[in-house]
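S.K.: Here you go, this is coords-v1.tsv (TSV, N, CA, C and O atoms).
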chain	number	residue	atom	x	y	z
A	1	MET	N	-34.22	-13.97	-34.67
A	1	MET	CA	-33.31	-12.98	-35.19
A	1	MET	C	-32.07	-12.88	-34.31
A	1	MET	O	-32.12	-13.12	-33.12
A	2	VAL	N	-31.00	-12.52	-34.91
A	2	VAL	CA	-29.74	-12.36	-34.19
A	2	VAL	C	-29.57	-10.88	-33.85
A	2	VAL	O	-29.83	-10.00	-34.67
A	3	CYS	N	-29.12	-10.63	-32.63
A	3	CYS	CA	-28.97	-9.24	-32.22
A	3	CYS	C	-27.82	-8.58	-32.99
A	3	CYS	O	-26.89	-9.24	-33.45
A	4	ILE	N	-27.87	-7.28	-33.10
A	4	ILE	CA	-26.88	-6.52	-33.86
A	4	ILE	C	-25.46	-6.69	-33.30
A	4	ILE	O	-24.54	-6.93	-34.07
A	5	PRO	N	-25.24	-6.60	-31.97
A	5	PRO	CA	-23.87	-6.77	-31.46
A	5	PRO	C	-23.30	-8.16	-31.76
A	5	PRO	O	-22.08	-8.31	-31.89
A	6	CYS	N	-24.16	-9.18	-31.87
A	6	CYS	CA	-23.67	-10.53	-32.18
A	6	CYS	C	-23.11	-10.62	-33.60
A	6	CYS	O	-22.37	-11.55	-33.91
A	7	ILE	N	-23.46	-9.69	-34.45
A	7	ILE	CA	-22.93	-9.66	-35.81
A	7	ILE	C	-21.80	-8.64	-35.91
A	7	ILE	O	-20.74	-8.92	-36.50
A	8	VAL	N	-21.97	-7.48	-35.32
A	8	VAL	CA	-21.03	-6.38	-35.48
A	8	VAL	C	-19.71	-6.65	-34.75
A	8	VAL	O	-18.63	-6.43	-35.31
A	9	ILE	N	-19.77	-7.14	-33.52
A	9	ILE	CA	-18.54	-7.35	-32.74
A	9	ILE	C	-17.61	-8.36	-33.39
A	9	ILE	O	-16.41	-8.09	-33.54
A	10	PRO	N	-18.09	-9.54	-33.84
A	10	PRO	CA	-17.16	-10.46	-34.52
A	10	PRO	C	-16.57	-9.88	-35.81
A	10	PRO	O	-15.40	-10.12	-36.13
A	11	VAL	N	-17.36	-9.11	-36.54
A	11	VAL	CA	-16.85	-8.50	-37.78
A	11	VAL	C	-15.76	-7.47	-37.45
A	11	VAL	O	-14.71	-7.44	-38.09
A	12	LEU	N	-15.99	-6.66	-36.42
A	12	LEU	CA	-14.98	-5.68	-36.03
A	12	LEU	C	-13.71	-6.35	-35.52
A	12	LEU	O	-12.59	-5.89	-35.81
A	13	LEU	N	-13.86	-7.43	-34.76
A	13	LEU	CA	-12.68	-8.16	-34.30
A	13	LEU	C	-11.90	-8.76	-35.46
A	13	LEU	O	-10.67	-8.76	-35.47
A	14	TRP	N	-12.61	-9.29	-36.46
A	14	TRP	CA	-11.94	-9.85	-37.63
A	14	TRP	C	-11.19	-8.76	-38.40
A	14	TRP	O	-10.05	-8.96	-38.82
A	15	VAL	N	-11.81	-7.60	-38.57
A	15	VAL	CA	-11.17	-6.49	-39.27
A	15	VAL	C	-9.92	-6.05	-38.51
A	15	VAL	O	-8.87	-5.81	-39.10
A	16	TYR	N	-10.03	-5.97	-37.18
A	16	TYR	CA	-8.86	-5.57	-36.38
A	16	TYR	C	-7.74	-6.59	-36.53
A	16	TYR	O	-6.59	-6.22	-36.78
A	17	LYS	N	-8.05	-7.88	-36.35
A	17	LYS	CA	-7.01	-8.91	-36.41
A	17	LYS	C	-6.39	-9.01	-37.80
A	17	LYS	O	-5.20	-9.24	-37.94
A	18	LYS	N	-7.19	-8.84	-38.83
A	18	LYS	CA	-6.71	-9.03	-40.20
A	18	LYS	C	-5.96	-7.81	-40.73
A	18	LYS	O	-4.92	-7.96	-41.37
A	19	PHE	N	-6.45	-6.63	-40.47
A	19	PHE	CA	-5.90	-5.45	-41.12
A	19	PHE	C	-5.21	-4.46	-40.17
A	19	PHE	O	-4.22	-3.84	-40.55
A	20	LEU	N	-5.74	-4.26	-38.99
A	20	LEU	CA	-5.21	-3.21	-38.12
A	20	LEU	C	-4.10	-3.70	-37.18
A	20	LEU	O	-3.16	-2.96	-36.90
A	21	GLU	N	-4.20	-4.91	-36.67
A	21	GLU	CA	-3.22	-5.40	-35.71
A	21	GLU	C	-1.78	-5.43	-36.24
A	21	GLU	O	-0.86	-5.08	-35.51
A	22	PRO	N	-1.55	-5.81	-37.50
A	22	PRO	CA	-0.16	-5.80	-37.98
A	22	PRO	C	0.51	-4.42	-37.91
A	22	PRO	O	1.72	-4.32	-37.80
A	23	TYR	N	-0.28	-3.36	-37.94
A	23	TYR	CA	0.29	-2.01	-37.89
A	23	TYR	C	0.26	-1.43	-36.47
A	23	TYR	O	1.15	-0.67	-36.09
A	24	ILE	N	-0.76	-1.77	-35.70
A	24	ILE	CA	-0.91	-1.19	-34.36
A	24	ILE	C	-0.07	-1.92	-33.33
A	24	ILE	O	0.53	-1.29	-32.45
A	25	TYR	N	0.01	-3.25	-33.41
A	25	TYR	CA	0.69	-4.03	-32.37
A	25	TYR	C	2.17	-3.65	-32.20
A	25	TYR	O	2.62	-3.52	-31.07
A	26	PRO	N	2.93	-3.47	-33.28
A	26	PRO	CA	4.33	-3.06	-33.06
A	26	PRO	C	4.48	-1.72	-32.35
A	26	PRO	O	5.48	-1.47	-31.69
A	27	LEU	N	3.48	-0.86	-32.47
A	27	LEU	CA	3.55	0.44	-31.80
A	27	LEU	C	3.23	0.35	-30.31
A	27	LEU	O	3.82	1.07	-29.50
A	28	ILE	N	2.30	-0.53	-29.93
A	28	ILE	CA	1.88	-0.60	-28.53
A	28	ILE	C	2.59	-1.70	-27.74
A	28	ILE	O	2.54	-1.69	-26.51
A	29	SER	N	3.26	-2.63	-28.40
A	29	SER	CA	3.88	-3.74	-27.68
A	29	SER	C	4.96	-3.31	-26.68
A	29	SER	O	5.06	-3.92	-25.62
A	30	PRO	N	5.79	-2.29	-26.95
A	30	PRO	CA	6.75	-1.89	-25.91
A	30	PRO	C	6.08	-1.39	-24.64
A	30	PRO	O	6.57	-1.65	-23.54
A	31	PHE	N	4.97	-0.69	-24.76
A	31	PHE	CA	4.28	-0.19	-23.59
A	31	PHE	C	3.59	-1.31	-22.83
A	31	PHE	O	3.58	-1.33	-21.60
A	32	VAL	N	3.02	-2.26	-23.56
A	32	VAL	CA	2.35	-3.39	-22.93
A	32	VAL	C	3.37	-4.25	-22.19
A	32	VAL	O	3.12	-4.71	-21.08
A	33	SER	N	4.54	-4.45	-22.76
A	33	SER	CA	5.55	-5.29	-22.10
A	33	SER	C	6.08	-4.64	-20.83
A	33	SER	O	6.51	-5.33	-19.92
A	34	ARG	N	6.07	-3.33	-20.74
A	34	ARG	CA	6.50	-2.65	-19.52
A	34	ARG	C	5.44	-2.75	-18.43
A	34	ARG	O	5.74	-2.92	-17.26
A	35	ILE	N	4.19	-2.64	-18.82
A	35	ILE	CA	3.09	-2.67	-17.87
A	35	ILE	C	2.82	-4.10	-17.41
A	35	ILE	O	2.55	-4.36	-16.25
A	36	TRP	N	2.91	-5.06	-18.31
A	36	TRP	CA	2.53	-6.43	-18.04
A	36	TRP	C	3.74	-7.33	-18.25
A	36	TRP	O	3.88	-7.97	-19.28
A	37	PRO	N	4.65	-7.39	-17.26
A	37	PRO	CA	5.87	-8.19	-17.44
A	37	PRO	C	5.57	-9.68	-17.41
A	37	PRO	O	4.64	-10.13	-16.76
A	38	ARG	N	6.41	-10.45	-18.11
A	38	ARG	CA	6.26	-11.90	-18.12
A	38	ARG	C	6.81	-12.48	-16.83
A	38	ARG	O	7.81	-12.01	-16.31
A	39	LYS	N	6.14	-13.51	-16.34
A	39	LYS	CA	6.63	-14.19	-15.16
A	39	LYS	C	7.51	-15.35	-15.61
A	39	LYS	O	7.18	-16.09	-16.53
A	40	THR	N	8.65	-15.50	-14.93
A	40	THR	CA	9.57	-16.56	-15.30
A	40	THR	C	9.08	-17.89	-14.75
A	40	THR	O	8.47	-17.97	-13.69
A	41	VAL	N	9.35	-18.93	-15.50
A	41	VAL	CA	8.98	-20.27	-15.08
A	41	VAL	C	10.12	-20.82	-14.24
A	41	VAL	O	11.26	-20.87	-14.67
A	42	GLN	N	9.78	-21.22	-13.01
A	42	GLN	CA	10.80	-21.76	-12.12
A	42	GLN	C	10.71	-23.28	-12.12
A	42	GLN	O	9.63	-23.84	-11.97
A	43	GLU	N	11.86	-23.93	-12.26
A	43	GLU	CA	11.90	-25.38	-12.24
A	43	GLU	C	11.99	-25.85	-10.80
A	43	GLU	O	12.69	-25.28	-9.98
A	44	SER	N	11.30	-26.93	-10.53
A	44	SER	CA	11.29	-27.48	-9.18
A	44	SER	C	12.25	-28.66	-9.12
A	44	SER	O	12.36	-29.44	-10.05
A	45	ASN	N	12.94	-28.80	-7.99
A	45	ASN	CA	13.84	-29.93	-7.80
A	45	ASN	C	13.08	-31.16	-7.32
A	45	ASN	O	13.59	-32.27	-7.39
A	46	ASP	N	11.87	-30.98	-6.84
A	46	ASP	CA	11.07	-32.09	-6.34
A	46	ASP	C	10.40	-32.79	-7.52
A	46	ASP	O	9.52	-32.23	-8.16
A	47	LYS	N	10.79	-34.02	-7.79
A	47	LYS	CA	10.27	-34.75	-8.96
A	47	LYS	C	8.83	-35.21	-8.75
A	47	LYS	O	8.09	-35.36	-9.70
A	48	ASN	N	8.42	-35.45	-7.51
A	48	ASN	CA	7.10	-36.00	-7.25
A	48	ASN	C	6.06	-34.91	-6.97
A	48	ASN	O	4.93	-35.22	-6.62
A	49	LYS	N	6.42	-33.68	-7.10
A	49	LYS	CA	5.51	-32.59	-6.75
A	49	LYS	C	4.26	-32.57	-7.62
A	49	LYS	O	3.16	-32.36	-7.15
A	50	GLY	N	4.40	-32.78	-8.91
A	50	GLY	CA	3.27	-32.70	-9.83
A	50	GLY	C	2.56	-34.01	-10.05
A	50	GLY	O	1.54	-34.08	-10.72
A	51	LYS	N	3.04	-35.10	-9.47
A	51	LYS	CA	2.44	-36.41	-9.69
A	51	LYS	C	1.40	-36.69	-8.62
A	51	LYS	O	1.60	-36.41	-7.45
A	52	LEU	N	0.29	-37.27	-9.04
A	52	LEU	CA	-0.78	-37.63	-8.12
A	52	LEU	C	-1.04	-39.12	-8.20
A	52	LEU	O	-0.80	-39.75	-9.23
A	53	ASP	N	-1.55	-39.70	-7.14
A	53	ASP	CA	-1.91	-41.10	-7.13
A	53	ASP	C	-3.27	-41.23	-7.80
A	53	ASP	O	-4.25	-40.65	-7.35
A	54	CYS	N	-3.35	-42.01	-8.86
A	54	CYS	CA	-4.58	-42.11	-9.64
A	54	CYS	C	-5.31	-43.42	-9.39
A	54	CYS	O	-6.17	-43.81	-10.17
A	55	LYS	N	-4.99	-44.14	-8.32
A	55	LYS	CA	-5.69	-45.39	-8.04
A	55	LYS	C	-7.13	-45.07	-7.66
A	55	LYS	O	-7.41	-44.17	-6.90
A	56	GLY	N	-8.04	-45.85	-8.22
A	56	GLY	CA	-9.44	-45.65	-7.90
A	56	GLY	C	-10.08	-44.50	-8.64
A	56	GLY	O	-11.09	-43.98	-8.22
A	57	ALA	N	-9.48	-44.09	-9.74
A	57	ALA	CA	-10.05	-42.98	-10.51
A	57	ALA	C	-10.17	-43.41	-11.97
A	57	ALA	O	-9.38	-44.20	-12.46
A	58	ASP	N	-11.18	-42.89	-12.64
A	58	ASP	CA	-11.33	-43.19	-14.05
A	58	ASP	C	-10.53	-42.20	-14.88
A	58	ASP	O	-9.72	-41.45	-14.36
A	59	ILE	N	-10.75	-42.19	-16.17
A	59	ILE	CA	-9.98	-41.33	-17.08
A	59	ILE	C	-10.15	-39.85	-16.74
A	59	ILE	O	-9.22	-39.07	-16.81
A	60	ASN	N	-11.34	-39.45	-16.30
A	60	ASN	CA	-11.61	-38.05	-16.01
A	60	ASN	C	-11.11	-37.63	-14.64
A	60	ASN	O	-11.21	-36.48	-14.28
A	61	GLY	N	-10.58	-38.59	-13.85
A	61	GLY	CA	-10.10	-38.26	-12.53
A	61	GLY	C	-11.17	-38.33	-11.46
A	61	GLY	O	-10.94	-37.97	-10.33
A	62	LEU	N	-12.34	-38.83	-11.82
A	62	LEU	CA	-13.42	-38.96	-10.85
A	62	LEU	C	-13.29	-40.30	-10.14
A	62	LEU	O	-12.89	-41.28	-10.73
A	63	PRO	N	-13.64	-40.36	-8.89
A	63	PRO	CA	-13.51	-41.63	-8.16
A	63	PRO	C	-14.46	-42.68	-8.73
A	63	PRO	O	-15.58	-42.38	-9.12
A	64	THR	N	-14.00	-43.93	-8.76
A	64	THR	CA	-14.81	-45.01	-9.30
A	64	THR	C	-15.30	-45.95	-8.22
A	64	THR	O	-15.92	-46.95	-8.52
A	65	LYS	N	-15.02	-45.67	-6.96
A	65	LYS	CA	-15.49	-46.53	-5.89
A	65	LYS	C	-17.00	-46.40	-5.77
A	65	LYS	O	-17.57	-45.32	-5.91
A	66	GLY	N	-17.66	-47.52	-5.52
A	66	GLY	CA	-19.11	-47.50	-5.38
A	66	GLY	C	-19.77	-47.87	-6.69
A	66	GLY	O	-19.11	-48.13	-7.70
A	67	PRO	N	-21.08	-47.87	-6.70
A	67	PRO	CA	-21.79	-48.27	-7.92
A	67	PRO	C	-21.64	-47.22	-9.02
A	67	PRO	O	-21.82	-46.03	-8.79
A	68	THR	N	-21.26	-47.68	-10.19
A	68	THR	CA	-21.09	-46.77	-11.32
A	68	THR	C	-22.29	-46.80	-12.25
A	68	THR	O	-22.41	-45.98	-13.14
A	69	GLU	N	-23.19	-47.79	-12.05
A	69	GLU	CA	-24.35	-47.92	-12.92
A	69	GLU	C	-25.47	-47.01	-12.40
A	69	GLU	O	-25.79	-47.01	-11.22
A	70	ILE	N	-26.06	-46.24	-13.29
A	70	ILE	CA	-27.13	-45.33	-12.91
A	70	ILE	C	-28.44	-45.90	-13.47
A	70	ILE	O	-28.55	-46.15	-14.66
A	71	SER	N	-29.39	-46.07	-12.58
A	71	SER	CA	-30.66	-46.64	-12.98
A	71	SER	C	-31.60	-45.51	-13.38
A	71	SER	O	-31.66	-44.47	-12.74
A	72	ASP	N	-32.37	-45.74	-14.44
A	72	ASP	CA	-33.34	-44.75	-14.91
A	72	ASP	C	-34.73	-45.00	-14.31
A	72	ASP	O	-35.66	-44.25	-14.60
A	73	LYS	N	-34.87	-46.02	-13.50
A	73	LYS	CA	-36.17	-46.34	-12.92
A	73	LYS	C	-36.48	-45.43	-11.75
A	73	LYS	O	-35.61	-45.04	-11.00
A	74	LYS	N	-37.76	-45.11	-11.62
A	74	LYS	CA	-38.19	-44.30	-10.47
A	74	LYS	C	-38.27	-45.18	-9.24
A	74	LYS	O	-38.68	-46.31	-9.29
A	75	LYS	N	-37.84	-44.62	-8.13
A	75	LYS	CA	-37.93	-45.33	-6.86
A	75	LYS	C	-38.91	-44.59	-5.96
A	75	LYS	O	-38.79	-43.40	-5.76
A	76	ASP	N	-39.92	-45.32	-5.50
A	76	ASP	CA	-40.92	-44.70	-4.64
A	76	ASP	C	-40.59	-44.86	-3.18
A	76	ASP	O	-40.04	-45.72	-2.68
Would it be possible to restate this file's structure as structure tokens?

M.R.:
Amino acid sequence: MVCIPCIVIPVLLWVYKKFLEPYIYPLISPFVSRIWPRKTVQESNDKNKGKLDCKGADINGLPTKGPTEISDKKKD
């Protein structure tokens, strides 16, 4: 069985997003913007700051040095 909050909370969120938010959000957005200001994005002059050397790494960024094959046999 599924617990009651697992059914009720998504339904209430859907009702809020679909019907209530279009009317409530314009009223509260000025207050939220004062309390929670946006941070400005600063551009960096250093071109190499975000670049990393990817030698010896696979697609996921994990190192590939050493044996990559995993054996399923038990070793005693």

S.K.: Kindly give the distance, in Å, that separates CA of Val15 in chain A and atom O of Met1 in chain A, rounded to a single decimal.

M.R.: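 Going from CA of Val15 in chain A over to atom O of Met1 in chain A covers 22.8 Å.
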
S.K.: Quick check, in Å to one decimal: how far apart do CA of Lys18 in chain A and CA of Arg34 in chain A lie?

M.R.: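 So the answer is 25.4 Å.
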
S.K.: Separation of atom N of Tyr25 in chain A and atom O of Leu13 in chain A, in Å?

M.R.: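 Those two atoms sit 12.2 Å apart.
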
S.K.: Report as lines of an AutoDock Vina configuration file the centre and the edge lengths, in Å to one decimal, of the axis-aligned box holding every listed atom of range 13-27 of chain A, padded by 6 Å on each side.

M.R.:
center_x = -4.2
center_y = -4.4
center_z = -35.4
size_x = 31.3
size_y = 22.9
size_z = 23.9
